[in-house]
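Encoded as structure tokens, the structure appears first; notes follow it.
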Amino acid sequence: MKQFKIAFMALLLCIGVNELNAQDNNNPWAISFGTNAVDFYPTNPGIAGHGSWFNEFSNATDHYNILPAISRFSVGRYITKGLSVEAAGTLNKIENMGDNSVNDLSYFSLDGAVKYDLNNIIGETAWFDPYVTVGGGYTWLEDWDTGTANGGLGANIWFNENIGLNLETKYKHTFESNIVQHFQHSAGIIVRFGGKDTDGDGVYDKHDECVDVFGLKEFNGCPDTDGDGIIDSKDACPTVAGLATLNGCPDTDGDGIADKDDACPNEIGTKENKGCPDTDGDGVVDKDDACPKVAGPKENKGCPWPDTDGDGVADKDDECVNEAGPASNKGCPEMTAEVLKALEGIFKTVYFDLGSANIKPEGFAKLDAVVDIMKKYSGIQYSITSGHADSVGSKKFNQTLSEKRANVVKDYLVSKGIPASKITTEAYGETKAAATNRTSKGRALNRRVEIKLTK
């Protein structure tokens, strides 16, 4: 029987000191130290010097055996759902065995217990933590020893989250021994610890939603770097205070577009324009619009195209920027049939000497008149100069001569400011006579360059 009792006690101690549950609960470990009192009187009715059950239960003066020193030490471990286990050791000197005096008998006990927190039934009371305890142990009194079955009540009164006062009373029932059953009361300081706080922010990992990052208790251990009330993990702008409606980002101009997405954070704009205004509504935002108050195309930086001559044709499309003309003629003035007829006699022909590409003196006046007309109607007029020759000489010679005459006239017009691209040349040699080559007068008329203005 004695071996069974020792084995039972060892089992209780193992339960008390080993982790039965690997949960990371807040402060899962607790140690306590204090004093204890042993009272044999109110537990042994029928024995001389002892009273009936609970008789003079609180008569500390006459019946309690108290060692005035730290005489009790315990280690506890929280399991789950209000349950915890504990291993405890006590020392004492027994002088009162009920009303009977004894000679300072040495008392020593080792106990294991399972405790249940009554707050799980009555509701959380924060600072007051009552419990019931059951378990067993082994007790030595001088040369006697016995196993015990224990049960009792206790309470922890917490001064703060980790430190409190422990008070406990338990009945210890003995087996087949000269040691009779008794009450053991204890009082001491209890310290709970062991909650894991990886980031050191004061929020234990079990309740810390950001275990590896230092945070705030009000945010369950998560940080709010910018202090806007939105934790960093849910804050799209964690270093700048912002609005909850914009996921923690600021909106300086109040246009409903977060600054980080707003191309114009200091000006009220629209979502379509990435937060920028477009005052004139031309599709070019003000910051890129050279004319923000006047609508204009994007190609001209938001400005309307200029129309220098005021003819309604924008300069970019106007081939006669400084002369008014209809859009149908690309902004250039149109030459009427009357003007064309009046000008035919001015520059119909330019004549040359026999066998020569030199212009006759009277021809320069006609060419100058052509220059004036071409400049005035520069946008729509195209000039064709055709060179001709009489029949004197070989056909090959006359063809070459007619080419030279056409190019001489073109070169003169270009020298007066007419673009070379506006003038084309043709040479016909003696093939298109304007008069008979049988007379000197006819041949003189055939040595010519004709200039035509065509649309």
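Ligands are numbered from 1 in the order shown, chains are lettered A, B, ... in the order of the structure tokens, and residues start at 1 in each chain.
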Would you mind listing what lies within 10 Å of Trp158 (chain A) as a ChimeraX atom specification, with only C-alpha atoms counted and same-chain residues fewer than 5 positions away left out? /A:126-129,163-166,189-191
DSSP on the backbone: what in region 76-236 of chain A comes out strand (DSSP E or B), as a ChimeraX atom specification? /A:76-80,83-97,100-117,128-141,144-158,163-174,182-193,216,222
Tell me which protein, DNA and RNA residues are within 7 Å of Glu267 (chain A), counting only C-alpha atoms, leaving out same-chain ones fewer than 6 positions away, and put them as a short mmCIF file (atom, residue, chain, number, x, y, z; two decimals) with C-alpha atoms, in the first residue's frame.
data_model
loop_
_atom_site.label_atom_id
_atom_site.label_comp_id
_atom_site.auth_asym_id
_atom_site.auth_seq_id
_atom_site.Cartn_x
_atom_site.Cartn_y
_atom_site.Cartn_z
CA ASP A 253 -7.98 68.63 -52.01
CA CYS A 276 -7.02 66.97 -62.10
CA PRO A 277 -9.36 69.80 -63.19
#
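Shortest separation to Val409 (chain A) among A:Ala48, A:Asp390, A:Tyr351, A:Thr431 occurs at residue A:Tyr351, atoms counted being only C-alpha atoms.
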Would you mind listing what lies within 6 Å of region 75-90 of chain A as number ranges by chain, with only C-alpha atoms counted and same-chain residues fewer than 2 positions away left out? A: 13, 16, 21, 28-31, 71-73, 108-117
Output of the above residues as a compact mmCIF listing (two decimals), in the first residue's frame, restricted to C-alpha atoms:
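So the final result, stored in result.txt, reads:
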# COMPACT_ATOMS: atom_id res chain seq x y z
CA LEU A 13 3.79 15.82 -9.16
CA GLY A 16 1.78 19.47 -11.80
CA ASN A 21 -1.33 21.62 -23.18
CA PRO A 28 0.26 30.10 -18.24
CA TRP A 29 2.72 29.62 -15.39
CA ALA A 30 2.31 30.65 -11.73
CA ILE A 31 4.45 30.36 -8.62
CA SER A 71 6.85 27.57 4.57
CA ARG A 72 4.89 26.91 1.39
CA PHE A 73 5.97 26.98 -2.25
CA PHE A 108 6.37 18.02 5.56
CA SER A 109 4.02 17.46 2.62
CA LEU A 110 4.11 17.28 -1.16
CA ASP A 111 0.82 17.75 -2.94
CA GLY A 112 -0.52 17.77 -6.47
CA ALA A 113 -3.82 19.36 -7.41
CA VAL A 114 -6.16 20.23 -10.20
CA LYS A 115 -7.81 23.63 -9.87
CA TYR A 116 -10.93 24.98 -11.53
CA ASP A 117 -11.50 28.73 -11.86
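Using only C-alpha atoms, the residues found no farther than 9 Å from region 305-319 of chain A, other than those of its own chain fewer than 2 positions away, are Gly296, Pro297, Asn300, Cys303, Val321, Asn322, Glu323, Ala324, Gly325, Pro326, Ala327, Asn329, Lys330, Gly331, Cys332, Ser378, Gly379 and Ile380 of chain A.
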Determine, counting only C-alpha atoms, which protein, DNA and RNA residues have an atom within 10 Å of an atom of Asn178 (chain A); residues of the same chain fewer than 5 positions away are not included. Present the result as a compact mmCIF listing (two decimals) with C-alpha atoms, in the first residue's frame.
# COMPACT_ATOMS: atom_id res chain seq x y z
CA LEU A 141 5.03 13.79 10.45
CA ASP A 143 8.48 9.07 11.71
CA TRP A 144 5.01 8.67 10.31
CA ASP A 145 3.88 9.14 6.71
CA THR A 146 0.73 8.75 4.70
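Using only C-alpha atoms, the protein and nucleic acid residues lying no more than 9 Å from Thr169 (chain A), apart from those fewer than 2 places from it along its own chain, are Gly151, Gly152, Leu153, Gly154, Leu167, Tyr171, Phe183, Gln184, His185 and Ser186 of chain A.
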Export of prior selection with N, CA and C atoms as a PDB file, in the first residue's frame:
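Result file follows (part.pdb):
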ATOM      1  N   GLY A 151      -8.993  18.278  -0.894  1.00  0.00           N
ATOM      2  CA  GLY A 151      -9.987  19.093  -1.571  1.00  0.00           C
ATOM      3  C   GLY A 151     -10.209  20.377  -0.810  1.00  0.00           C
ATOM      4  N   GLY A 152     -10.470  21.470  -1.540  1.00  0.00           N
ATOM      5  CA  GLY A 152     -10.645  22.714  -0.824  1.00  0.00           C
ATOM      6  C   GLY A 152     -11.078  23.855  -1.718  1.00  0.00           C
ATOM      7  N   LEU A 153     -11.017  25.047  -1.139  1.00  0.00           N
ATOM      8  CA  LEU A 153     -11.366  26.287  -1.825  1.00  0.00           C
ATOM      9  C   LEU A 153     -10.224  27.270  -1.685  1.00  0.00           C
ATOM     10  N   GLY A 154     -10.119  28.158  -2.676  1.00  0.00           N
ATOM     11  CA  GLY A 154      -9.101  29.192  -2.599  1.00  0.00           C
ATOM     12  C   GLY A 154      -9.488  30.375  -3.480  1.00  0.00           C
ATOM     13  N   LEU A 167      -4.968  32.904  -1.230  1.00  0.00           N
ATOM     14  CA  LEU A 167      -5.522  32.380   0.016  1.00  0.00           C
ATOM     15  C   LEU A 167      -6.157  31.026  -0.292  1.00  0.00           C
ATOM     16  N   TYR A 171      -8.910  20.469   2.878  1.00  0.00           N
ATOM     17  CA  TYR A 171      -9.005  19.325   3.781  1.00  0.00           C
ATOM     18  C   TYR A 171      -8.116  18.224   3.232  1.00  0.00           C
ATOM     19  N   PHE A 183      -7.004  20.061   8.393  1.00  0.00           N
ATOM     20  CA  PHE A 183      -7.068  21.180   7.468  1.00  0.00           C
ATOM     21  C   PHE A 183      -5.691  21.821   7.352  1.00  0.00           C
ATOM     22  N   GLN A 184      -5.425  22.304   6.137  1.00  0.00           N
ATOM     23  CA  GLN A 184      -4.197  23.091   5.951  1.00  0.00           C
ATOM     24  C   GLN A 184      -4.595  24.390   5.262  1.00  0.00           C
ATOM     25  N   HIS A 185      -4.306  25.507   5.917  1.00  0.00           N
ATOM     26  CA  HIS A 185      -4.595  26.824   5.377  1.00  0.00           C
ATOM     27  C   HIS A 185      -3.291  27.451   4.898  1.00  0.00           C
ATOM     28  N   SER A 186      -3.363  28.277   3.874  1.00  0.00           N
ATOM     29  CA  SER A 186      -2.141  28.943   3.391  1.00  0.00           C
ATOM     30  C   SER A 186      -2.462  30.339   2.895  1.00  0.00           C
TER      31      SER A 186
END
Pick from A:Asp280, A:Ile231, A:Cys291, A:Gly188 nearest to Glu209 (chain A), counting only C-alpha atoms: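 The closest residue to Glu209 (chain A) is A:Ile231.
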Between A:Ala420, A:Ile94, A:Val213, A:Ala406, which is the closest to Phe40 (chain A) once you count only C-alpha atoms?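 Counting only C-alpha atoms, the residue closest to Phe40 (chain A) is A:Ile94.
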Here is a test: counting only C-alpha atoms, which residue of A:Arg192, A:Lys298, A:Arg447, A:His182 is nearest to Phe159 (chain A)?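 Among the listed residues, the smallest separation from Phe159 (chain A) belongs to A:Arg192.
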Nearest to Ser440 (chain A) by atom-to-atom distance, counting only C-alpha atoms, from A:Asp353, A:Asp104, A:Asp368, A:Asp99: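 Using only C-alpha atoms, Ser440 (chain A) sits closest to A:Asp353.
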Given only C-alpha atoms as the basis, pick out the residue of A:Asn100, A:Thr400, A:Thr424, A:Ser328 nearest to Ser386 (chain A). A:Thr424
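Coordinates place CA of Asp226 (chain A) at a distance of 6.0 Å from CA of Pro238 (chain A).
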